[in-house]
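Some notes on the structure that comes next.
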Amino acid sequence: MTPITEVEGRRLSLSNLDKVLYPATGTTKGEVLHYYAATVAGAILPHLRDRPVSFLRYPDGPGGQLFFTKNPPPGTPDWVHTTPVPRSEDQAARQVMVQDLASLMWAANLVVEFHTPQWRADAPETADRMVFDLDPGSPATVVQCCAVALWLRERLAADGLFAYGKTSGSKGLHLLVPLEPAPSAEVSAYAKRLAVEAESALPELALHRMKRALRPGKVFVDFSQNSASKTTATPYTLRARTEPTVSAPVTWDEIEACRNPEDLVFRADGMAARLERYGDLLGPLLDPDRVRPLPGRAA
């Protein structure tokens, strides 16, 4: 019998709680739901709120079928908020917004990664943050990503911008920058310019082009996720990897001290202690005092 629970006055059916989703660690679906409800709800919800969410679903674990969906899944409750989103192929498209704990738990029960754009639903294609996805090409690792991140932090600071880091939950590192709202196309152009500068300043380490032949041993500074049509793994989401790794915020001290890839691997069972120690390290993204205009735009 499928358990029924009540969350903030909403009745939810939670299925297959004993199902092992991560065989490498024995992590069950029930433990995944507990992670979202009890460990990170207070931290992840502010980063999800008011943004259309895309889901990477992995209902049978990372070794099963994975599929990406932007449309509200069949059976989405009528109390789950949705919002119209611009799509060239479908002007009437809508996407889910995870606005509260009940919606978070409904979505988590589907077994998903959470992905969000750099803009909010009330201002489509107008970014309020910028992202750099630092993606290492083997044999490079997150250690090399950290070196590139440190260069980018200084370069962004020279333009008056604040940068904050999180792991991708996979191999790389994400840098996030709070901005006064600006057209996504302008943010993308600025991010590309800095990626090109990074390659020029760190020619043996950084790369601004995705071309596979150029990737080995270098860090691809992917600026493309600033496109209005692209999304990035939301802070604190679990990833569909062998183990329940988290796209986890990190300190600049941790980035500077990273000497081994395992130094910046964080799993679900370690997040409660990190949140107790640090709070939400990406809270400044939501702090108006940290917001700055995109260089070249009037304040």
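Here, A, B, ... name the chains of the structure tokens in the order displayed, residue numbers run from 1 inside each chain, and ligands are numbered from 1 in the same displayed order.
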
For range 240-292 of chain A versus range 32-56 of chain A, which residues have an atom no more than 9 Å away, and what is each residue's nearest atom pair and distance in Å rounded to one decimal, using only C-alpha atoms, chain-then-number order, as a Markdown table?
| residue | atom | partner | partner_atom | distance |
| --- | --- | --- | --- | --- |
| A:Ala240 | CA | A:Leu56 | CA | 8.3 |
| A:Pro244 | CA | A:Val32 | CA | 8.5 |
| A:Ala268 | CA | A:Tyr35 | CA | 6.7 |
| A:Asp269 | CA | A:Tyr35 | CA | 8.0 |
| A:Met271 | CA | A:Thr39 | CA | 7.1 |
| A:Ala272 | CA | A:Thr39 | CA | 5.6 |
| A:Leu275 | CA | A:Val40 | CA | 8.1 |
| A:Gly279 | CA | A:Ala43 | CA | 8.1 |
| A:Asp280 | CA | A:Ala43 | CA | 6.0 |
| A:Leu282 | CA | A:His47 | CA | 8.8 |
| A:Gly283 | CA | A:Ala43 | CA | 8.4 |
| A:Leu285 | CA | A:His47 | CA | 8.8 |
| A:Leu286 | CA | A:Pro46 | CA | 8.1 |

Who sits within 12 Å of Asp263 in chain A, only C-alpha atoms, same chain under 2 positions skipped, as number ranges by chain: A: 141-143, 146, 167, 171, 250, 253-261, 265-267

Distance criterion (only C-alpha atoms): nearest to Leu294 in chain A out of A:Ala189, A:Leu101, A:Val80, A:Leu12: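 Closest candidate: A:Ala189.
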
Proximity to Val20 in chain A - best of A:Lys192, A:Glu243, A:His174, A:Val96, only C-alpha atoms: A:Glu243

Members of range 57-235 of chain A assigned alpha helix (DSSP H) by DSSP, as a VMD selection string: chain A and resid 101 to 109 142 to 158 184 to 201

Range 10-250 of chain A: residues DSSP assigns to strand (DSSP E), reported as a VMD selection string: chain A and resid 10 to 13 20 to 22 27 to 28 52 to 57 67 to 69 82 to 84 94 to 97 112 to 116 126 to 136 164 to 167 173 to 183 206 to 207 219 to 222 232 to 233 249 to 250

Atom pair CA of Val131 in chain A / CA of Ser103 in chain A: separation (Å):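 CA of Ser103 in chain A lies 25.6 Å from CA of Val131 in chain A.
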
Who sits within 9 Å of Glu8 in chain A, only C-alpha atoms, same chain under 2 positions skipped, as JSON, numbers by chain: {"A": [6, 10, 11, 100, 101, 102]}

Residues as selected, N, CA and C atoms, written as an mmCIF file, in the first residue's frame, can you do that?
data_model
loop_
_atom_site.group_PDB
_atom_site.id
_atom_site.type_symbol
_atom_site.label_atom_id
_atom_site.label_comp_id
_atom_site.auth_asym_id
_atom_site.auth_seq_id
_atom_site.Cartn_x
_atom_site.Cartn_y
_atom_site.Cartn_z
ATOM 1 N N GLU A 6 0.856 13.961 4.899
ATOM 2 C CA GLU A 6 0.366 15.332 4.729
ATOM 3 C C GLU A 6 1.514 16.288 4.962
ATOM 4 N N ARG A 10 -1.207 19.492 2.415
ATOM 5 C CA ARG A 10 -1.364 18.800 1.129
ATOM 6 C C ARG A 10 -1.137 17.309 1.334
ATOM 7 N N ARG A 11 -2.029 16.499 0.790
ATOM 8 C CA ARG A 11 -1.893 15.052 0.901
ATOM 9 C C ARG A 11 -1.021 14.535 -0.245
ATOM 10 N N ASP A 100 7.152 25.605 -2.393
ATOM 11 C CA ASP A 100 6.937 25.290 -0.991
ATOM 12 C C ASP A 100 7.364 23.851 -0.724
ATOM 13 N N LEU A 101 7.321 23.469 0.548
ATOM 14 C CA LEU A 101 7.784 22.148 0.948
ATOM 15 C C LEU A 101 6.941 21.045 0.327
ATOM 16 N N ALA A 102 5.624 21.240 0.249
ATOM 17 C CA ALA A 102 4.763 20.208 -0.337
ATOM 18 C C ALA A 102 5.150 19.955 -1.791
#

Spatial neighbours of range 27-31 of chain A, max dist 8 Å, only C-alpha atoms, sep filter under 4 positions, as a list in words: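 Within the cut-off, the hits are Asn16, Leu17, Asp18, Lys19, Val20, Leu21, Tyr22, Pro23, Tyr35, Asn109, Val111 and Pro244 of chain A.
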
For the interface of range 136-239 of chain A with range 67-73 of chain A (cut-off 12 Å, counting only C-alpha atoms), please tabulate each contacting residue of range 136-239 of chain A alongside its nearest pair of atoms and their separation in Å to one decimal, rows sorted by chain and increasing number, as CSV.
residue,atom,partner,partner_atom,distance
A:Ser229,CA,A:Lys70,CA,11.1
A:Lys230,CA,A:Lys70,CA,11.2
A:Thr231,CA,A:Lys70,CA,10.5

Who sits within 12 Å of Ala228 in chain A, only C-alpha atoms, same chain under 6 positions skipped, as number ranges by chain: A: 52, 85-88, 116-121, 123-131, 182-188

Any chance you could export the current selection's N, CA, C and O atoms as a CSV table (one decimal), in the first residue's frame?
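Output saved as again-v2.csv:
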chain,number,residue,atom,x,y,z
A,52,PRO,N,11.2,28.6,-13.1
A,52,PRO,CA,10.6,27.4,-13.7
A,52,PRO,C,11.7,26.3,-13.6
A,52,PRO,O,12.9,26.5,-13.8
A,85,VAL,N,6.2,29.8,-19.9
A,85,VAL,CA,7.6,30.0,-20.3
A,85,VAL,C,7.7,30.2,-21.8
A,85,VAL,O,7.0,29.6,-22.6
A,86,PRO,N,8.7,31.0,-22.2
A,86,PRO,CA,8.9,31.2,-23.6
A,86,PRO,C,9.6,30.1,-24.3
A,86,PRO,O,10.6,29.6,-23.8
A,87,ARG,N,9.0,29.5,-25.3
A,87,ARG,CA,9.7,28.5,-26.1
A,87,ARG,C,9.3,28.7,-27.5
A,87,ARG,O,8.1,28.8,-27.9
A,88,SER,N,10.2,28.7,-28.4
A,88,SER,CA,10.0,29.0,-29.8
A,88,SER,C,9.0,28.0,-30.4
A,88,SER,O,8.2,28.4,-31.3
A,116,THR,N,17.5,24.8,-12.9
A,116,THR,CA,16.8,26.1,-13.0
A,116,THR,C,17.6,27.0,-13.9
A,116,THR,O,18.8,26.9,-14.0
A,117,PRO,N,16.9,27.9,-14.5
A,117,PRO,CA,17.5,28.9,-15.4
A,117,PRO,C,18.1,30.1,-14.5
A,117,PRO,O,17.9,30.1,-13.3
A,118,GLN,N,18.7,31.0,-15.1
A,118,GLN,CA,19.3,32.1,-14.4
A,118,GLN,C,18.3,33.3,-14.3
A,118,GLN,O,18.7,34.4,-13.9
A,119,TRP,N,17.1,33.1,-14.6
A,119,TRP,CA,16.1,34.1,-14.6
A,119,TRP,C,14.8,33.6,-13.8
A,119,TRP,O,14.6,32.4,-13.7
A,120,ARG,N,14.0,34.6,-13.4
A,120,ARG,CA,12.8,34.2,-12.6
A,120,ARG,C,11.6,34.3,-13.6
A,120,ARG,O,11.6,34.9,-14.6
A,121,ALA,N,10.5,33.6,-13.1
A,121,ALA,CA,9.4,33.5,-13.9
A,121,ALA,C,8.7,34.8,-14.3
A,121,ALA,O,8.1,34.9,-15.4
A,123,ALA,N,10.2,37.5,-15.0
A,123,ALA,CA,11.0,38.2,-16.0
A,123,ALA,C,11.8,37.3,-16.9
A,123,ALA,O,13.0,37.2,-16.8
A,124,PRO,N,11.1,36.5,-17.7
A,124,PRO,CA,11.8,35.6,-18.6
A,124,PRO,C,12.8,36.2,-19.4
A,124,PRO,O,12.7,37.3,-19.9
A,125,GLU,N,14.0,35.5,-19.5
A,125,GLU,CA,15.1,35.9,-20.4
A,125,GLU,C,15.8,37.2,-19.8
A,125,GLU,O,16.6,37.8,-20.6
A,126,THR,N,15.5,37.5,-18.6
A,126,THR,CA,16.2,38.6,-17.9
A,126,THR,C,16.9,38.0,-16.7
A,126,THR,O,16.3,37.7,-15.7
A,127,ALA,N,18.2,37.9,-16.8
A,127,ALA,CA,19.0,37.1,-15.8
A,127,ALA,C,19.2,38.0,-14.5
A,127,ALA,O,19.5,39.2,-14.6
A,128,ASP,N,19.1,37.3,-13.4
A,128,ASP,CA,19.5,38.0,-12.1
A,128,ASP,C,20.7,37.4,-11.5
A,128,ASP,O,21.1,37.6,-10.4
A,129,ARG,N,21.4,36.5,-12.3
A,129,ARG,CA,22.6,35.9,-11.9
A,129,ARG,C,23.3,35.4,-13.1
A,129,ARG,O,22.7,35.2,-14.2
A,130,MET,N,24.6,35.2,-13.0
A,130,MET,CA,25.4,34.6,-14.0
A,130,MET,C,26.1,33.4,-13.5
A,130,MET,O,26.4,33.2,-12.3
A,131,VAL,N,26.4,32.4,-14.5
A,131,VAL,CA,27.0,31.2,-14.1
A,131,VAL,C,28.1,30.8,-15.0
A,131,VAL,O,28.1,31.1,-16.2
A,182,ALA,N,19.4,41.8,-16.1
A,182,ALA,CA,19.9,42.2,-17.4
A,182,ALA,C,19.5,41.2,-18.4
A,182,ALA,O,19.4,40.0,-18.1
A,183,PRO,N,19.4,41.6,-19.7
A,183,PRO,CA,19.0,40.6,-20.7
A,183,PRO,C,20.0,39.4,-20.7
A,183,PRO,O,21.2,39.6,-20.7
A,184,SER,N,19.4,38.2,-20.8
A,184,SER,CA,20.3,37.0,-20.8
A,184,SER,C,21.3,37.1,-21.9
A,184,SER,O,22.5,36.6,-21.7
A,185,ALA,N,21.0,37.6,-23.1
A,185,ALA,CA,21.9,37.7,-24.2
A,185,ALA,C,23.1,38.6,-23.8
A,185,ALA,O,24.3,38.2,-24.2
A,186,GLU,N,22.9,39.6,-23.0
A,186,GLU,CA,24.0,40.5,-22.6
A,186,GLU,C,24.9,39.8,-21.6
A,186,GLU,O,26.1,39.9,-21.6
A,187,VAL,N,24.3,39.1,-20.7
A,187,VAL,CA,25.0,38.3,-19.7
A,187,VAL,C,25.8,37.2,-20.3
A,187,VAL,O,27.0,37.0,-20.0
A,188,SER,N,25.3,36.6,-21.3
A,188,SER,CA,26.0,35.5,-22.0
A,188,SER,C,27.2,36.1,-22.7
A,188,SER,O,28.3,35.5,-22.7

Top pick for closest residue to Pro59 in chain A, considering A:Ala195, A:Pro84, A:Thr76, A:Ala107 and counting only C-alpha atoms: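 Between A:Ala195, A:Pro84, A:Thr76, A:Ala107, the residue approaching Pro59 in chain A most closely is A:Ala107.
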
Distance in Å - CA of Leu214 in chain A versus CA of Asn226 in chain A: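 If I compute the distance from CA of Leu214 in chain A to CA of Asn226 in chain A, I get 22.2 Å.
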
Residue contacts of Lys211 in chain A (10 Å, only C-alpha atoms) excluding same-chain residues fewer than 4 positions away, as a list in words: Leu207, Arg215 and Phe220 of chain A

Find the residues near Arg209 in chain A: any atom within 12 Å, counting only C-alpha atoms, skip ones fewer than 3 places away on the same chain, and give them as a PDB file with all heavy atoms, in the first residue's frame.
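The resulting file, result16.pdb, is shown below:
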ATOM      1  N   LEU A 134      32.494  25.112 -14.849  1.00  0.00           N
ATOM      2  CA  LEU A 134      33.891  24.717 -15.091  1.00  0.00           C
ATOM      3  C   LEU A 134      33.939  23.202 -15.188  1.00  0.00           C
ATOM      4  O   LEU A 134      33.740  22.489 -14.206  1.00  0.00           O
ATOM      5  CB  LEU A 134      34.780  25.236 -13.966  1.00  0.00           C
ATOM      6  CG  LEU A 134      34.676  26.745 -13.713  1.00  0.00           C
ATOM      7  CD1 LEU A 134      35.628  27.170 -12.595  1.00  0.00           C
ATOM      8  CD2 LEU A 134      34.939  27.552 -14.980  1.00  0.00           C
ATOM      9  N   ASP A 135      34.211  22.714 -16.392  1.00  0.00           N
ATOM     10  CA  ASP A 135      34.079  21.286 -16.716  1.00  0.00           C
ATOM     11  C   ASP A 135      35.444  20.741 -17.127  1.00  0.00           C
ATOM     12  O   ASP A 135      35.984  21.101 -18.177  1.00  0.00           O
ATOM     13  CB  ASP A 135      33.070  21.135 -17.852  1.00  0.00           C
ATOM     14  CG  ASP A 135      32.786  19.676 -18.182  1.00  0.00           C
ATOM     15  OD1 ASP A 135      33.200  18.799 -17.412  1.00  0.00           O
ATOM     16  OD2 ASP A 135      32.151  19.431 -19.226  1.00  0.00           O
ATOM     17  N   GLY A 137      38.346  18.317 -18.557  1.00  0.00           N
ATOM     18  CA  GLY A 137      38.571  17.222 -19.500  1.00  0.00           C
ATOM     19  C   GLY A 137      39.679  16.339 -18.971  1.00  0.00           C
ATOM     20  O   GLY A 137      40.787  16.814 -18.701  1.00  0.00           O
ATOM     21  N   LYS A 192      31.027  35.086 -21.956  1.00  0.00           N
ATOM     22  CA  LYS A 192      31.904  34.572 -23.012  1.00  0.00           C
ATOM     23  C   LYS A 192      33.205  35.367 -23.064  1.00  0.00           C
ATOM     24  O   LYS A 192      34.290  34.789 -23.231  1.00  0.00           O
ATOM     25  CB  LYS A 192      31.200  34.623 -24.367  1.00  0.00           C
ATOM     26  CG  LYS A 192      32.068  34.099 -25.498  1.00  0.00           C
ATOM     27  CD  LYS A 192      31.355  34.121 -26.841  1.00  0.00           C
ATOM     28  CE  LYS A 192      32.251  33.584 -27.946  1.00  0.00           C
ATOM     29  NZ  LYS A 192      31.567  33.570 -29.262  1.00  0.00           N
ATOM     30  N   ARG A 193      33.099  36.682 -22.910  1.00  0.00           N
ATOM     31  CA  ARG A 193      34.308  37.508 -22.944  1.00  0.00           C
ATOM     32  C   ARG A 193      35.272  37.101 -21.840  1.00  0.00           C
ATOM     33  O   ARG A 193      36.484  36.996 -22.065  1.00  0.00           O
ATOM     34  CB  ARG A 193      33.918  38.988 -22.807  1.00  0.00           C
ATOM     35  CG  ARG A 193      35.090  39.938 -23.012  1.00  0.00           C
ATOM     36  CD  ARG A 193      34.615  41.344 -23.307  1.00  0.00           C
ATOM     37  NE  ARG A 193      34.061  42.013 -22.129  1.00  0.00           N
ATOM     38  CZ  ARG A 193      32.797  42.353 -21.976  1.00  0.00           C
ATOM     39  NH1 ARG A 193      31.918  42.077 -22.926  1.00  0.00           N
ATOM     40  NH2 ARG A 193      32.392  42.983 -20.894  1.00  0.00           N
ATOM     41  N   ALA A 195      35.406  34.142 -20.413  1.00  0.00           N
ATOM     42  CA  ALA A 195      35.919  32.809 -20.730  1.00  0.00           C
ATOM     43  C   ALA A 195      37.078  32.904 -21.715  1.00  0.00           C
ATOM     44  O   ALA A 195      38.084  32.187 -21.589  1.00  0.00           O
ATOM     45  CB  ALA A 195      34.799  31.942 -21.308  1.00  0.00           C
ATOM     46  N   VAL A 196      36.959  33.782 -22.707  1.00  0.00           N
ATOM     47  CA  VAL A 196      38.043  33.991 -23.668  1.00  0.00           C
ATOM     48  C   VAL A 196      39.277  34.559 -22.955  1.00  0.00           C
ATOM     49  O   VAL A 196      40.417  34.140 -23.210  1.00  0.00           O
ATOM     50  CB  VAL A 196      37.582  34.924 -24.801  1.00  0.00           C
ATOM     51  CG1 VAL A 196      38.760  35.316 -25.699  1.00  0.00           C
ATOM     52  CG2 VAL A 196      36.491  34.252 -25.634  1.00  0.00           C
ATOM     53  N   ALA A 198      40.046  34.112 -19.837  1.00  0.00           N
ATOM     54  CA  ALA A 198      40.617  33.044 -19.017  1.00  0.00           C
ATOM     55  C   ALA A 198      41.526  32.153 -19.851  1.00  0.00           C
ATOM     56  O   ALA A 198      42.618  31.767 -19.413  1.00  0.00           O
ATOM     57  CB  ALA A 198      39.505  32.220 -18.372  1.00  0.00           C
ATOM     58  N   GLU A 199      41.089  31.829 -21.065  1.00  0.00           N
ATOM     59  CA  GLU A 199      41.917  31.005 -21.942  1.00  0.00           C
ATOM     60  C   GLU A 199      43.215  31.717 -22.297  1.00  0.00           C
ATOM     61  O   GLU A 199      44.284  31.097 -22.349  1.00  0.00           O
ATOM     62  CB  GLU A 199      41.148  30.641 -23.205  1.00  0.00           C
ATOM     63  CG  GLU A 199      41.942  29.759 -24.143  1.00  0.00           C
ATOM     64  CD  GLU A 199      41.126  29.305 -25.351  1.00  0.00           C
ATOM     65  OE1 GLU A 199      39.894  29.196 -25.234  1.00  0.00           O
ATOM     66  OE2 GLU A 199      41.740  29.043 -26.405  1.00  0.00           O
ATOM     67  N   ALA A 206      42.892  26.640 -19.239  1.00  0.00           N
ATOM     68  CA  ALA A 206      41.502  27.006 -19.512  1.00  0.00           C
ATOM     69  C   ALA A 206      41.200  26.996 -20.998  1.00  0.00           C
ATOM     70  O   ALA A 206      42.077  27.223 -21.837  1.00  0.00           O
ATOM     71  CB  ALA A 206      41.195  28.385 -18.928  1.00  0.00           C
ATOM     72  N   ARG A 212      35.872  18.815 -28.677  1.00  0.00           N
ATOM     73  CA  ARG A 212      36.355  17.674 -27.906  1.00  0.00           C
ATOM     74  C   ARG A 212      37.862  17.476 -28.040  1.00  0.00           C
ATOM     75  O   ARG A 212      38.545  17.115 -27.068  1.00  0.00           O
ATOM     76  CB  ARG A 212      35.621  16.410 -28.350  1.00  0.00           C
ATOM     77  CG  ARG A 212      35.916  15.190 -27.483  1.00  0.00           C
ATOM     78  CD  ARG A 212      35.038  14.028 -27.876  1.00  0.00           C
ATOM     79  NE  ARG A 212      33.638  14.329 -27.711  1.00  0.00           N
ATOM     80  CZ  ARG A 212      32.984  14.199 -26.553  1.00  0.00           C
ATOM     81  NH1 ARG A 212      33.625  13.786 -25.472  1.00  0.00           N
ATOM     82  NH2 ARG A 212      31.709  14.478 -26.481  1.00  0.00           N
ATOM     83  N   ALA A 213      38.408  17.712 -29.223  1.00  0.00           N
ATOM     84  CA  ALA A 213      39.837  17.466 -29.435  1.00  0.00           C
ATOM     85  C   ALA A 213      40.707  18.384 -28.584  1.00  0.00           C
ATOM     86  O   ALA A 213      41.868  18.072 -28.314  1.00  0.00           O
ATOM     87  CB  ALA A 213      40.177  17.649 -30.913  1.00  0.00           C
ATOM     88  N   LEU A 214      40.160  19.514 -28.160  1.00  0.00           N
ATOM     89  CA  LEU A 214      40.923  20.474 -27.371  1.00  0.00           C
ATOM     90  C   LEU A 214      40.805  20.234 -25.865  1.00  0.00           C
ATOM     91  O   LEU A 214      41.530  20.841 -25.081  1.00  0.00           O
ATOM     92  CB  LEU A 214      40.444  21.904 -27.684  1.00  0.00           C
ATOM     93  CG  LEU A 214      40.531  22.351 -29.143  1.00  0.00           C
ATOM     94  CD1 LEU A 214      39.892  23.725 -29.300  1.00  0.00           C
ATOM     95  CD2 LEU A 214      41.981  22.377 -29.620  1.00  0.00           C
ATOM     96  N   ARG A 215      39.882  19.368 -25.445  1.00  0.00           N
ATOM     97  CA  ARG A 215      39.495  19.266 -24.053  1.00  0.00           C
ATOM     98  C   ARG A 215      40.469  18.537 -23.122  1.00  0.00           C
ATOM     99  O   ARG A 215      40.571  18.903 -21.949  1.00  0.00           O
ATOM    100  CB  ARG A 215      38.125  18.576 -23.949  1.00  0.00           C
ATOM    101  CG  ARG A 215      36.972  19.324 -24.611  1.00  0.00           C
ATOM    102  CD  ARG A 215      36.544  20.525 -23.806  1.00  0.00           C
ATOM    103  NE  ARG A 215      36.124  20.163 -22.467  1.00  0.00           N
ATOM    104  CZ  ARG A 215      34.921  19.691 -22.160  1.00  0.00           C
ATOM    105  NH1 ARG A 215      34.017  19.506 -23.117  1.00  0.00           N
ATOM    106  NH2 ARG A 215      34.617  19.398 -20.919  1.00  0.00           N
ATOM    107  N   LYS A 218      42.346  20.031 -19.871  1.00  0.00           N
ATOM    108  CA  LYS A 218      41.996  21.442 -19.691  1.00  0.00           C
ATOM    109  C   LYS A 218      40.602  21.581 -19.091  1.00  0.00           C
ATOM    110  O   LYS A 218      39.810  20.640 -19.070  1.00  0.00           O
ATOM    111  CB  LYS A 218      42.083  22.190 -21.025  1.00  0.00           C
ATOM    112  CG  LYS A 218      43.498  22.289 -21.569  1.00  0.00           C
ATOM    113  CD  LYS A 218      43.580  23.242 -22.730  1.00  0.00           C
ATOM    114  CE  LYS A 218      45.029  23.404 -23.210  1.00  0.00           C
ATOM    115  NZ  LYS A 218      45.123  24.395 -24.310  1.00  0.00           N
ATOM    116  N   VAL A 219      40.306  22.781 -18.620  1.00  0.00           N
ATOM    117  CA  VAL A 219      39.014  23.097 -18.018  1.00  0.00           C
ATOM    118  C   VAL A 219      38.212  23.928 -19.016  1.00  0.00           C
ATOM    119  O   VAL A 219      38.635  25.027 -19.404  1.00  0.00           O
ATOM    120  CB  VAL A 219      39.189  23.875 -16.696  1.00  0.00           C
ATOM    121  CG1 VAL A 219      37.828  24.316 -16.156  1.00  0.00           C
ATOM    122  CG2 VAL A 219      39.932  23.024 -15.676  1.00  0.00           C
ATOM    123  N   PHE A 220      37.094  23.396 -19.441  1.00  0.00           N
ATOM    124  CA  PHE A 220      36.192  24.122 -20.330  1.00  0.00           C
ATOM    125  C   PHE A 220      35.400  25.121 -19.490  1.00  0.00           C
ATOM    126  O   PHE A 220      34.662  24.746 -18.581  1.00  0.00           O
ATOM    127  CB  PHE A 220      35.258  23.137 -21.024  1.00  0.00           C
ATOM    128  CG  PHE A 220      34.188  23.771 -21.865  1.00  0.00           C
ATOM    129  CD1 PHE A 220      34.444  24.881 -22.650  1.00  0.00           C
ATOM    130  CD2 PHE A 220      32.908  23.237 -21.873  1.00  0.00           C
ATOM    131  CE1 PHE A 220      33.451  25.468 -23.421  1.00  0.00           C
ATOM    132  CE2 PHE A 220      31.909  23.790 -22.649  1.00  0.00           C
ATOM    133  CZ  PHE A 220      32.176  24.912 -23.423  1.00  0.00           C
ATOM    134  N   VAL A 221      35.570  26.405 -19.783  1.00  0.00           N
ATOM    135  CA  VAL A 221      34.824  27.463 -19.097  1.00  0.00           C
ATOM    136  C   VAL A 221      33.523  27.659 -19.870  1.00  0.00           C
ATOM    137  O   VAL A 221      33.445  28.435 -20.824  1.00  0.00           O
ATOM    138  CB  VAL A 221      35.641  28.767 -19.026  1.00  0.00           C
ATOM    139  CG1 VAL A 221      34.871  29.837 -18.241  1.00  0.00           C
ATOM    140  CG2 VAL A 221      37.004  28.508 -18.378  1.00  0.00           C
ATOM    141  N   ASP A 222      32.512  26.922 -19.454  1.00  0.00           N
ATOM    142  CA  ASP A 222      31.244  26.902 -20.185  1.00  0.00           C
ATOM    143  C   ASP A 222      30.393  28.089 -19.745  1.00  0.00           C
ATOM    144  O   ASP A 222      29.883  28.132 -18.632  1.00  0.00           O
ATOM    145  CB  ASP A 222      30.519  25.583 -19.904  1.00  0.00           C
ATOM    146  CG  ASP A 222      29.252  25.427 -20.725  1.00  0.00           C
ATOM    147  OD1 ASP A 222      28.910  26.358 -21.486  1.00  0.00           O
ATOM    148  OD2 ASP A 222      28.593  24.381 -20.601  1.00  0.00           O
ATOM    149  N   PHE A 223      30.269  29.046 -20.631  1.00  0.00           N
ATOM    150  CA  PHE A 223      29.457  30.237 -20.391  1.00  0.00           C
ATOM    151  C   PHE A 223      28.052  30.078 -20.952  1.00  0.00           C
ATOM    152  O   PHE A 223      27.187  30.929 -20.735  1.00  0.00           O
ATOM    153  CB  PHE A 223      30.123  31.457 -21.041  1.00  0.00           C
ATOM    154  CG  PHE A 223      30.374  31.264 -22.522  1.00  0.00           C
ATOM    155  CD1 PHE A 223      29.400  31.562 -23.460  1.00  0.00           C
ATOM    156  CD2 PHE A 223      31.586  30.752 -22.960  1.00  0.00           C
ATOM    157  CE1 PHE A 223      29.622  31.361 -24.807  1.00  0.00           C
ATOM    158  CE2 PHE A 223      31.819  30.536 -24.321  1.00  0.00           C
ATOM    159  CZ  PHE A 223      30.829  30.842 -25.247  1.00  0.00           C
ATOM    160  N   SER A 224      27.800  28.994 -21.686  1.00  0.00           N
ATOM    161  CA  SER A 224      26.562  28.861 -22.456  1.00  0.00           C
ATOM    162  C   SER A 224      25.323  28.715 -21.580  1.00  0.00           C
ATOM    163  O   SER A 224      24.208  28.961 -22.041  1.00  0.00           O
ATOM    164  CB  SER A 224      26.654  27.663 -23.406  1.00  0.00           C
ATOM    165  OG  SER A 224      26.614  26.438 -22.699  1.00  0.00           O
TER     166      SER A 224
END

Top pick for closest residue to Arg277 in chain A, considering A:Leu173, A:His81, A:Gly64, A:Thr251 and counting only C-alpha atoms: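 With only C-alpha atoms as the atom set, the closest residue is A:Thr251.
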
Nearest residue to Ala201 in chain A from the set A:Val246, A:Val148, A:Ala163, A:Leu104 (distances using only C-alpha atoms):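 Using only C-alpha atoms, the shortest distance to Ala201 in chain A belongs to A:Val148.
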
Straight-line distance linking CA of Gly61 in chain A with CA of Arg94 in chain A, stated in Å to one decimal: 26.6 Å
